[in-house]
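Single-structure report; data block below.
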Amino acid sequence: MASDEFERVYEVTGRDYANAGRASTSIKDILKHLGVHPVVVRRAAIASYEAEMNVVMYAVRARMSLRVSPAAVTIEVQDEGPGIEDVELAMQEGYSTATPEMREMGFGAGMGLPNIKRNADVFDIKSEVSRGTRLLIRIGQVA
Amino acid sequence: MNPQTSCHHPLRFDPDKCDGCMACMRVCPTAAVRVRYKRAWMLADRCIDCGECIRVCPGRAVVPLTDQMADLSRFSCRVAIPSPVLYAQFDPDVSPGEVVAALKLCGFDDVEGPSRACDMVAAATEIFLSEYRGQYPLISSFCPTVVRLVQVNYPALVEQVLPVLAPREVSARDAKARKAAETGLPEERIGAVYITPCPAKMVAIVEHPGMERSYLDAAVSISDLFRPLATAIAKAQGGGSTAARSETNSGVNWAFLGLLPRSLPAADSLSVAGLANVIRILDDVEKGKLRGYRFIECHACGEGCVSGCLTVENPYVARSKTIRLTQKLPAASPELRSEVERRWRNGEFSIDTAFSARPLRPLDENISAAIAKMTQKEALLAELPGIDCGACGAPSCHAFAEDVVQGEADRRTCVFSLQRALAAQVEELMSLVQGTPRSAGGEGL
């Protein structure tokens with residue numbers, strides 16, 4: 001780890017609705033303490049929350065990491081889960097595979113991935129069916 | 001007090017009365033209190049004026065800085081603007097008219113009851129919401145502590161704070177105009193005095209966020225006025241001065257949590273009270289989780305203003321009394337709505353300037369330095385016991401680690417670190433006594 005980079009790793013567990021959102025709250029607090037610009041904090045908060053909820057809803061577990069450097073905030077999520085069959089389709093606004101249970105909780109509007117992309121400067125998604133998905137979110141102009 | 005007082009706070013720690021018990025430090029929701037050498041003090045840039053420290057201090061060493069009646073002699077005419085909470089402090093059979101009469105016996109020249117302004121602000125909020133096209137949800141701005149919490153801890157949300165005047169400001173403005181017309185006095189000589197359930201309203205008067213200046217001139221606490229008022233009510237009942245006043249059920253309802261959701265369509269608003277709960281809700285708002293709600297009413301105190309730390313009656317009893325009182329009161333006049341429509345177009349219910357963000361000072365202004373400090377802090381935190389005992393004078397190991405990295409505390413003040421250091425020294429002494437060579441890392445060779 002470079003000396004001017006801060007890193008924190010979170011373990012996120014699938015279906016653990018009671019603790020869902022904790023990682024993104026912690027990410028937000030760290031960014032505020034580091035003096036990251038409020039607009040960047042908010043974008044990171046929204047993107048990391050959507051990413052965390054995707055893990056909780058669809059995956060078995062994930063390793064979610066936050067890295068902050070003077071140049072960028074980077075959030076990486078590597079999950080073990082079903083993967084996404086058609087990433088292009090999943091990126092379309094309004095497309096969702098949410099179950100009635102998830103919709104009951106206010107999710108499943110098909111805005112998760114598009115919302116993450118909208119809040120990121122760099123967005124990368126790689127998925128392998130029945131193995132997992134890797135998300136990379138980067139937001140620049142930190143201060 | 002902390003030397004770098006960048007913002008005004010309506011409370012003071014009295015060093016003569018403080019015995020360092022740490023009750024305030026443990027209850028502070030923003031970790032703004034430190035206690036060392038049997039003395040508590042405040043980190044001014046973190047305090048959001050919630051008054052929890054005032055509530056818990058057993059020695060009354062946290063002094064609320066509200067005005068006293070004697071301070072009001074500078075005005076030629078004094079108009080009391082009671083919080084709707086005031087009525088709920090007395091027996092349920094005491095009418096608002098009797099409380100008004102008692103206020104006059106206590107030295108006020110006139111009284112502007114809260115209902116009219118509350119009803120107008122509710123209508124203005126409804127109009128604002130119907131025309132608003134920005135980000136949802138909007139956050140209520142009537143509790144000054146909530147406004148400061150957003151400014152300090154949720155700076156990205158300041159644009160979502162409802163830009164509508166608080167009823168107390170509308171009351172003060174209208175009362176001053178009315179009294180000036182009645183008496184011929186210039187408005188500067190008329191004092192609009194809020195009868196307040198909490199010290200946070202003092203900040204709203206002194207710092208007037210969102211306004212060029214506050215229409216209120218002073219605030220006297222309900223707890224200071226309670227005894228003289230109770231005495232005067234007894235007298236007023238004897239004297240029969242019970243002038244009826246135009247209180248309404250919807251106006252007096254503002255005393256407790258849920259006031260706007262009760263009058264706005266319920267499906268898209270919610271109300272939350274108690275700072276810990278407000279913080280959880282604002283965390284969710286910041287993560288974009290509550291976009292489906294249009295309006296969130298937030299109160300720093302548990303049940304809304306009835307729970308203010310400068311009230312006398314138990315908040316649950318006060319709420320029950322308020323409900324009983326409102327059942328006897330009439331509804332707001334339907335004509336009020338058209339008056340509000342007209343005055344809204346005139347900008348009479350809008351704040352003057354946008355609420356400003358006042359983000360908490362980061363670990364360092366320079367992001368590289370902040371990152372280095374955060375790394376140091378995490379390393380130190382891993383060595384601390386994590387039990388938040390408070391013996392070091394900081395409310396948690398987390399806060400202590402931050403103080404150490406900022407050079408504001410000495411890491412050796414952690415009793416557990418001290419214990420470890422002493423144990424190591426004892427071991428060293430023992431090894432000297434026994435004449436065995438000392439190992440480098442404290443472990444056997």
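By convention in this document, the chains of the structure tokens carry letters A, B, ... by their order, each chain's residues are numbered from 1, and ligands are numbered from 1 in the order they are shown.
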Quick check for you: according to DSSP on this backbone, which residues of range 3-140 of chain B are classed as strand (DSSP E or B)? Reply as a ChimeraX atom specification. /B:11-13,33-36,39-42,62-64,67,77-82,110-111,138-139
Could you find all residues in range 206-438 of chain B that DSSP calls alpha helix (DSSP H) from the backbone, and write them as a PyMOL selection string? chain B and resi 206-207+222-239+249-252+259-263+275-286+315-328+336-345+367-383+397-405+415-434
Write out as a Markdown table the residues of chain B that have any atom within 7 Å of an atom of chain A, one row each with the nearest atom pair and its distance in Å to one decimal, counting only C-alpha atoms, sorted by chain and then rising number.
| residue | atom | partner | partner_atom | distance |
| --- | --- | --- | --- | --- |
| B:Pro155 | CA | A:Pro38 | CA | 6.2 |
| B:Ala156 | CA | A:Pro38 | CA | 5.2 |
| B:Asp283 | CA | A:Thr25 | CA | 6.9 |
| B:Glu286 | CA | A:Arg42 | CA | 6.3 |
| B:Lys287 | CA | A:Ile46 | CA | 4.5 |
| B:Gly288 | CA | A:Ile46 | CA | 5.6 |
| B:Pro362 | CA | A:Gly35 | CA | 4.6 |
| B:Leu363 | CA | A:His33 | CA | 5.8 |
| B:Glu365 | CA | A:Gly35 | CA | 6.7 |
| B:Ile367 | CA | A:Pro70 | CA | 5.8 |
| B:Ser368 | CA | A:Asp4 | CA | 5.6 |
| B:Ala370 | CA | A:Leu34 | CA | 5.3 |
| B:Ile371 | CA | A:Phe6 | CA | 5.8 |
| B:Ala372 | CA | A:Asp4 | CA | 6.3 |
| B:Thr375 | CA | A:Phe6 | CA | 6.4 |
Selection near Ile54 in chain B, 12 Å with only C-alpha atoms, sequence-local residues under 4 positions removed, as a list in words: Pro10, Leu11, Arg12, Phe13, Asp14, Cys18, Ala23, Cys24, Met25, Val27, Cys28, Asp49, Cys50, Pro58, Gly59, Arg60, Ala61, Val62, Val63, Pro64, Leu65, Cys198, Pro199, Ala200, Gly308, Cys309, Leu310 and Thr311 of chain B
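With CA of Asp268 in chain B on one side and CA of Arg294 in chain B on the other, the separation reads 5.4 Å.
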Given only C-alpha atoms as the counted atoms, nearest of B:Asp224, B:Glu126, B:Glu52, B:Glu313 to Arg337 in chain B: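 Distance minimum relative to Arg337 in chain B lands on B:Glu126.
Compared by their closest atoms to Arg168 in chain B, and using only C-alpha atoms, the residues B:Pro84, B:Gly407, B:Pro315, B:Gly258 rank with B:Pro84 nearest.
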So that I can check the surroundings of Arg118 in chain A, please list as a PyMOL selection string every protein, DNA and RNA residue that reaches within 12 Å of it, counting only C-alpha atoms and ignoring chain neighbours fewer than 2 positions away. chain A and resi 43-44+46-47+50+91-93+111-116+120-123+137-139
The selected residues should be written to file as an mmCIF file, in the first residue's frame (atoms: N, CA and C atoms).
data_model
loop_
_atom_site.group_PDB
_atom_site.id
_atom_site.type_symbol
_atom_site.label_atom_id
_atom_site.label_comp_id
_atom_site.auth_asym_id
_atom_site.auth_seq_id
_atom_site.Cartn_x
_atom_site.Cartn_y
_atom_site.Cartn_z
ATOM 1 N N ARG A 43 -21.535 11.106 -3.841
ATOM 2 C CA ARG A 43 -21.513 10.168 -4.976
ATOM 3 C C ARG A 43 -20.987 8.813 -4.516
ATOM 4 N N ALA A 44 -19.926 8.834 -3.702
ATOM 5 C CA ALA A 44 -19.353 7.573 -3.208
ATOM 6 C C ALA A 44 -20.357 6.863 -2.302
ATOM 7 N N ILE A 46 -23.673 6.992 -2.413
ATOM 8 C CA ILE A 46 -24.749 6.396 -3.201
ATOM 9 C C ILE A 46 -24.232 5.165 -3.952
ATOM 10 N N ALA A 47 -23.086 5.314 -4.608
ATOM 11 C CA ALA A 47 -22.543 4.192 -5.393
ATOM 12 C C ALA A 47 -22.222 2.995 -4.495
ATOM 13 N N GLU A 50 -25.483 1.261 -3.217
ATOM 14 C CA GLU A 50 -26.127 0.432 -4.250
ATOM 15 C C GLU A 50 -25.332 -0.860 -4.456
ATOM 16 N N MET A 91 -27.353 -3.358 -17.161
ATOM 17 C CA MET A 91 -26.998 -1.947 -17.079
ATOM 18 C C MET A 91 -28.124 -1.029 -17.553
ATOM 19 N N GLN A 92 -29.158 -1.613 -18.159
ATOM 20 C CA GLN A 92 -30.260 -0.770 -18.646
ATOM 21 C C GLN A 92 -31.158 -0.326 -17.501
ATOM 22 N N GLU A 93 -31.510 0.954 -17.527
ATOM 23 C CA GLU A 93 -32.384 1.487 -16.477
ATOM 24 C C GLU A 93 -33.727 0.783 -16.529
ATOM 25 N N MET A 111 -32.524 0.337 -11.017
ATOM 26 C CA MET A 111 -31.706 1.547 -11.062
ATOM 27 C C MET A 111 -30.343 1.348 -10.406
ATOM 28 N N GLY A 112 -30.128 0.179 -9.809
ATOM 29 C CA GLY A 112 -28.901 -0.044 -9.041
ATOM 30 C C GLY A 112 -27.630 0.202 -9.832
ATOM 31 N N LEU A 113 -27.383 -0.648 -10.826
ATOM 32 C CA LEU A 113 -26.140 -0.509 -11.605
ATOM 33 C C LEU A 113 -26.083 0.819 -12.365
ATOM 34 N N PRO A 114 -27.183 1.229 -13.036
ATOM 35 C CA PRO A 114 -27.115 2.534 -13.717
ATOM 36 C C PRO A 114 -26.800 3.677 -12.754
ATOM 37 N N ASN A 115 -27.332 3.580 -11.530
ATOM 38 C CA ASN A 115 -27.089 4.619 -10.528
ATOM 39 C C ASN A 115 -25.619 4.629 -10.099
ATOM 40 N N ILE A 116 -25.041 3.449 -9.978
ATOM 41 C CA ILE A 116 -23.616 3.372 -9.623
ATOM 42 C C ILE A 116 -22.807 4.018 -10.736
ATOM 43 N N ALA A 120 -20.144 7.395 -10.817
ATOM 44 C CA ALA A 120 -18.718 7.071 -10.911
ATOM 45 C C ALA A 120 -18.071 7.783 -12.097
ATOM 46 N N ASP A 121 -16.774 8.086 -11.963
ATOM 47 C CA ASP A 121 -16.037 8.607 -13.116
ATOM 48 C C ASP A 121 -15.495 7.452 -13.945
ATOM 49 N N VAL A 122 -15.064 6.416 -13.224
ATOM 50 C CA VAL A 122 -14.646 5.191 -13.912
ATOM 51 C C VAL A 122 -15.516 4.074 -13.362
ATOM 52 N N PHE A 123 -16.081 3.303 -14.269
ATOM 53 C CA PHE A 123 -16.944 2.205 -13.841
ATOM 54 C C PHE A 123 -16.591 0.986 -14.662
ATOM 55 N N ILE A 137 -15.335 0.968 -9.023
ATOM 56 C CA ILE A 137 -15.932 2.309 -9.052
ATOM 57 C C ILE A 137 -14.831 3.296 -8.684
ATOM 58 N N ARG A 138 -14.620 4.280 -9.512
ATOM 59 C CA ARG A 138 -13.599 5.289 -9.161
ATOM 60 C C ARG A 138 -14.194 6.681 -9.336
ATOM 61 N N ILE A 139 -13.954 7.514 -8.322
ATOM 62 C CA ILE A 139 -14.418 8.902 -8.397
ATOM 63 C C ILE A 139 -13.205 9.796 -8.199
#
For Tyr215 in chain B, find every residue with an atom within 9 Å (counting only C-alpha atoms), except residues of its own chain fewer than 4 positions away, and show them as a PyMOL selection string. chain B and resi 168-173+176+192+205
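You can rank A:Asn54, A:Thr133, A:Gln141, A:Ser65 by their closest distance to Gly110 in chain A using only C-alpha atoms, and at the top of that list sits A:Asn54.
When CA of Ala232 in chain B is paired with CA of Ile195 in chain B, their separation reads 15.8 Å.
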May I have the residues within 7 Å of Gln89 in chain B as a PyMOL selection string, using only C-alpha atoms and disregarding those fewer than 2 positions away in the same chain? chain B and resi 86-87+312-313+318
If you keep C-alpha atoms, can you produce a file of those selected residues as a PDB file, in the first residue's frame?
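Heads up, here's the output in part.pdb:
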ATOM      1  CA  LEU B  86     -45.719  26.112  26.882  1.00  0.00           C
ATOM      2  CA  TYR B  87     -49.430  25.285  27.232  1.00  0.00           C
ATOM      3  CA  VAL B 312     -40.622  21.247  33.080  1.00  0.00           C
ATOM      4  CA  GLU B 313     -43.322  18.671  32.367  1.00  0.00           C
ATOM      5  CA  ALA B 318     -46.972  17.016  27.989  1.00  0.00           C
TER       6      ALA B 318
END
Using only C-alpha atoms, can you tell me which of B:Ala32, B:Ile81, B:Ala421, B:Ala102 comes closest to Arg227 in chain B?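 The answer is B:Ala102, which sits nearest to Arg227 in chain B.
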So which residues touch Lys201 in chain B within 12 Å, counting only C-alpha atoms, skipping near sequence neighbours fewer than 5 positions away, as number ranges by chain? B: 8-11, 48-51, 64-67, 83, 141-148, 166, 168-169, 193-196, 206-209, 214, 216-221, 305, 308-310
